[in-house]
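Okay, structure_0.txt now, which holds compact mmCIF, C-alpha atoms:
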# COMPACT_ATOMS: atom_id res chain seq x y z
CA MET C 1 -9.83 112.63 82.59
CA PRO C 2 -9.73 112.28 86.41
CA ALA C 3 -6.44 110.96 87.78
CA VAL C 4 -5.60 109.51 91.17
CA ILE C 5 -2.11 108.71 92.51
CA THR C 6 -1.83 106.00 95.15
CA ALA C 7 1.06 104.43 97.01
CA GLU C 8 1.54 100.89 95.78
CA ARG C 9 4.11 98.15 96.11
CA PRO C 10 6.10 97.78 92.89
CA ASP C 11 5.33 94.05 92.77
CA THR C 12 1.58 94.48 92.29
CA PRO C 13 0.27 93.48 88.84
CA ASP C 14 -0.40 97.04 87.64
CA ALA C 15 2.92 98.40 88.90
CA THR C 16 4.87 95.47 87.46
CA ALA C 17 3.18 95.86 84.08
CA LEU C 18 4.10 99.56 83.96
CA ILE C 19 7.71 98.87 84.99
CA ASP C 20 8.00 96.08 82.40
CA GLU C 21 6.67 98.39 79.66
CA LEU C 22 9.20 101.04 80.62
CA GLN C 23 12.02 98.48 80.61
CA THR C 24 11.02 97.19 77.16
CA HIS C 25 10.87 100.77 75.85
CA LEU C 26 14.34 101.59 77.22
CA GLU C 27 15.84 98.38 75.83
CA SER C 28 14.99 99.63 72.34
CA PHE C 29 17.22 102.72 72.85
CA TYR C 30 20.04 101.86 75.22
CA PRO C 31 22.62 99.11 75.73
CA PRO C 32 22.54 97.35 79.13
CA GLU C 33 25.38 99.48 80.56
CA SER C 34 23.33 102.63 79.90
CA ARG C 35 20.14 101.37 81.59
CA HIS C 36 20.21 102.27 85.26
CA GLY C 37 16.63 101.50 86.28
CA PHE C 38 15.91 99.41 89.35
CA SER C 39 14.25 96.03 89.04
CA VAL C 40 11.02 95.46 90.94
CA GLN C 41 12.96 93.60 93.63
CA LYS C 42 15.55 96.36 93.94
CA LEU C 43 12.78 98.95 94.30
CA ILE C 44 11.49 96.90 97.23
CA ASP C 45 14.95 96.21 98.69
CA GLN C 46 15.91 99.90 98.52
CA GLN C 47 12.58 100.92 100.09
CA VAL C 48 11.64 103.18 97.18
CA ALA C 49 8.34 104.93 97.84
CA PHE C 50 6.40 103.86 94.75
CA PHE C 51 3.18 105.25 93.30
CA VAL C 52 0.79 104.38 90.48
CA LEU C 53 -1.28 107.01 88.68
CA ARG C 54 -4.64 105.83 87.41
CA ALA C 55 -6.72 107.77 84.91
CA ASP C 56 -10.38 106.82 84.84
CA GLY C 57 -9.38 103.77 86.88
CA GLN C 58 -6.79 102.58 84.35
CA PRO C 59 -3.09 102.36 85.30
CA ALA C 60 -1.55 105.19 83.29
CA GLY C 61 1.82 105.84 84.90
CA CYS C 62 4.14 105.25 87.80
CA GLY C 63 7.10 106.65 89.63
CA GLY C 64 9.05 106.32 92.79
CA VAL C 65 11.39 108.29 94.98
CA MET C 66 14.31 106.78 96.84
CA LEU C 67 15.31 108.88 99.82
CA VAL C 68 19.07 109.03 100.31
CA GLY C 69 18.98 110.02 103.96
CA ARG C 70 18.01 113.66 104.04
CA GLU C 71 20.59 114.55 101.40
CA TYR C 72 18.33 114.03 98.39
CA GLY C 73 15.53 112.00 96.87
CA GLU C 74 16.14 110.24 93.57
CA LEU C 75 13.28 109.77 91.13
CA LYS C 76 13.06 106.16 89.97
CA ARG C 77 11.04 104.37 87.30
CA MET C 78 9.08 107.40 86.06
CA TYR C 79 6.78 106.30 83.26
CA VAL C 80 3.54 107.34 81.60
CA ARG C 81 1.97 105.02 79.04
CA PRO C 82 2.02 106.50 75.52
CA GLU C 83 -1.76 106.70 75.22
CA PHE C 84 -1.88 108.88 78.37
CA ARG C 85 0.92 111.29 77.48
CA GLY C 86 0.21 114.95 76.95
CA ALA C 87 -2.34 115.13 79.77
CA GLY C 88 0.12 116.43 82.38
CA PHE C 89 0.42 113.12 84.22
CA GLY C 90 4.24 113.17 84.27
CA LYS C 91 4.19 116.55 85.98
CA MET C 92 1.52 115.29 88.41
CA LEU C 93 3.76 112.36 89.34
CA VAL C 94 6.84 114.58 89.78
CA ASN C 95 4.87 116.97 92.00
CA HIS C 96 3.54 114.06 94.05
CA LEU C 97 7.04 112.63 94.53
CA ALA C 98 8.33 116.09 95.47
CA ARG C 99 5.63 116.41 98.14
CA HIS C 100 6.55 112.97 99.47
CA ALA C 101 10.22 113.97 99.70
CA LEU C 102 9.38 117.26 101.42
CA ALA C 103 7.16 115.45 103.92
CA HIS C 104 10.24 113.41 104.86
CA GLY C 105 12.51 116.44 105.25
CA VAL C 106 14.23 116.11 101.86
CA THR C 107 14.58 119.35 99.89
CA LEU C 108 16.53 118.19 96.84
CA LEU C 109 15.37 115.86 94.05
CA ARG C 110 17.75 114.24 91.59
CA LEU C 111 17.30 111.94 88.64
CA GLU C 112 19.12 110.17 85.83
CA THR C 113 17.53 109.79 82.42
CA GLY C 114 18.60 108.86 78.92
CA ILE C 115 19.30 111.31 76.10
CA HIS C 116 16.62 109.71 73.91
CA GLN C 117 13.85 110.54 76.41
CA GLN C 118 13.37 114.02 74.94
CA ALA C 119 9.78 114.45 76.12
CA ALA C 120 10.80 113.50 79.66
CA ILE C 121 13.82 115.81 79.57
CA SER C 122 11.62 118.66 78.39
CA MET C 123 9.09 117.96 81.15
CA TYR C 124 11.82 117.84 83.82
CA GLU C 125 13.37 121.09 82.60
CA GLN C 126 9.97 122.81 82.50
CA ALA C 127 9.43 121.58 86.07
CA GLY C 128 12.60 123.37 87.17
CA PHE C 129 15.20 120.62 87.04
CA THR C 130 18.69 121.65 85.90
CA GLU C 131 21.36 119.43 84.42
CA ILE C 132 24.17 118.40 86.79
CA PRO C 133 27.25 116.16 86.58
CA PRO C 134 26.74 112.47 87.37
CA PHE C 135 25.94 111.85 91.05
CA GLY C 136 25.86 108.94 93.47
CA PRO C 137 26.23 105.63 91.65
CA TYR C 138 26.29 107.19 88.17
CA HIS C 139 29.38 107.80 86.11
CA TYR C 140 29.85 109.66 82.86
CA ASP C 141 27.79 107.98 80.15
CA PRO C 142 27.28 109.77 76.82
CA LEU C 143 23.73 108.34 76.69
CA SER C 144 22.81 109.60 80.15
CA ARG C 145 21.86 112.93 81.73
CA CYS C 146 21.49 113.82 85.40
CA TYR C 147 19.28 116.57 86.82
CA GLU C 148 18.35 118.08 90.16
CA LYS C 149 15.81 120.49 91.61
CA ARG C 150 15.73 122.27 94.97
CA LEU C 151 12.35 121.95 96.64
CA THR C 152 10.75 124.85 98.43
CA GLY C 153 7.19 123.55 98.18
CA ALA C 154 5.49 121.36 95.61

What is this file in C-alpha cells?
Amino acid sequence: MPAVITAERPDTPDATALIDELQTHLESFYPPESRHGFSVQKLIDQQVAFFVLRADGQPAGCGGVMLVGREYGELKRMYVRPEFRGAGFGKMLVNHLARHALAHGVTLLRLETGIHQQAAISMYEQAGFTEIPPFGPYHYDPLSRCYEKRLTGA
C-alpha cells in the first residue's frame, strides 16, 4: 500500500479527524489529568510541524514535532488509524519527524505516552527510544511514560 507523508495544518479536515479519533481513543483509557495531548489550536499556537500520512490517498495517520529551541524535538499527536496498523506507518512517521528535527539542527527527540499504548511503546522502543524521567512540562504520573532518542541520521 503506497504511503505519502505531507506537511499539513492541524486544522484541516483530515488532520482534525485524525486528532479527534486519537483524543476519543485516549479518553477511554486515561483521566483528564493523564492526557497531555495538544488541542488543534495549541498545535497551531506552539508552531508544531504537523504531518498527515495517506495510504492509497486515504488519511491513515498523523504526527507532529514541536521544536524546543535546539535542545530537543517533542513528538506530538502520533496516531495511526486501527485499520492501517501493522504496515509500518508509525515507524515511517517517526522517521519523517526525526528527519524534520535534524533538518532544523535538533539531534534529540522526546515524547510522552500512556502506559496503555503498548503497541506504540513497543514501536518507540524498537525505533531506539529509551525510557527517561519526566521532562519539560511533565511530572510523575503513574499512567505516563517518557522516552528519548539521540538522532545521528534518520

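CA of Gly114 in chain C lies 4.4 Å from CA of Ser144 in chain C.
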
Using 9 Å as the limit and counting only C-alpha atoms, can you tabulate each residue of range 88-138 of chain C that touches range 2-9 of chain C, with its shortest atom-to-atom distance in Å and the two atoms involved, as a Markdown table?
| residue | atom | partner | partner_atom | distance |
| --- | --- | --- | --- | --- |
| C:Phe89 | CA | C:Ala3 | CA | 8.0 |
| C:Met92 | CA | C:Ile5 | CA | 8.6 |
| C:Leu93 | CA | C:Ile5 | CA | 7.6 |
| C:His96 | CA | C:Ile5 | CA | 7.9 |

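Shortest separation to Glu74 in chain C among C:Pro13, C:Gly37, C:Gly128, C:Pro133 occurs at residue C:Gly37, atoms counted being all atoms listed in the file.
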
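With CA of Glu125 in chain C on one side and CA of Pro137 in chain C on the other, the separation reads 22.1 Å.
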
field: Residue contacts of Ala17 in chain C (12 Å, only C-alpha atoms) excluding same-chain residues fewer than 4 positions away, as number ranges by chain
entry: C: 10-13, 21-24, 40, 52, 59-62, 79-81

I need the chosen residues saved as a PDB file, keeping the file's coordinate frame, with C-alpha atoms.
ATOM      1  CA  PRO C  10       6.100  97.780  92.890  1.00  0.00           C
ATOM      2  CA  ASP C  11       5.330  94.050  92.770  1.00  0.00           C
ATOM      3  CA  THR C  12       1.580  94.480  92.290  1.00  0.00           C
ATOM      4  CA  PRO C  13       0.270  93.480  88.840  1.00  0.00           C
ATOM      5  CA  GLU C  21       6.670  98.390  79.660  1.00  0.00           C
ATOM      6  CA  LEU C  22       9.200 101.040  80.620  1.00  0.00           C
ATOM      7  CA  GLN C  23      12.020  98.480  80.610  1.00  0.00           C
ATOM      8  CA  THR C  24      11.020  97.190  77.160  1.00  0.00           C
ATOM      9  CA  VAL C  40      11.020  95.460  90.940  1.00  0.00           C
ATOM     10  CA  VAL C  52       0.790 104.380  90.480  1.00  0.00           C
ATOM     11  CA  PRO C  59      -3.090 102.360  85.300  1.00  0.00           C
ATOM     12  CA  ALA C  60      -1.550 105.190  83.290  1.00  0.00           C
ATOM     13  CA  GLY C  61       1.820 105.840  84.900  1.00  0.00           C
ATOM     14  CA  CYS C  62       4.140 105.250  87.800  1.00  0.00           C
ATOM     15  CA  TYR C  79       6.780 106.300  83.260  1.00  0.00           C
ATOM     16  CA  VAL C  80       3.540 107.340  81.600  1.00  0.00           C
ATOM     17  CA  ARG C  81       1.970 105.020  79.040  1.00  0.00           C
TER      18      ARG C  81
END

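Rounded to one decimal, CA of Ser122 in chain C and CA of Gly69 in chain C lie 28.0 Å from each other.
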
Could the centre and edge lengths of an axis-aligned box, enclosing all atoms of range 86-103 of chain C in the file with 8 Å extra on each side, be given in Å to one decimal as JSON?
{"center_x": 3.9, "center_y": 114.8, "center_z": 90.4, "size_x": 28.6, "size_y": 20.9, "size_z": 43.0}
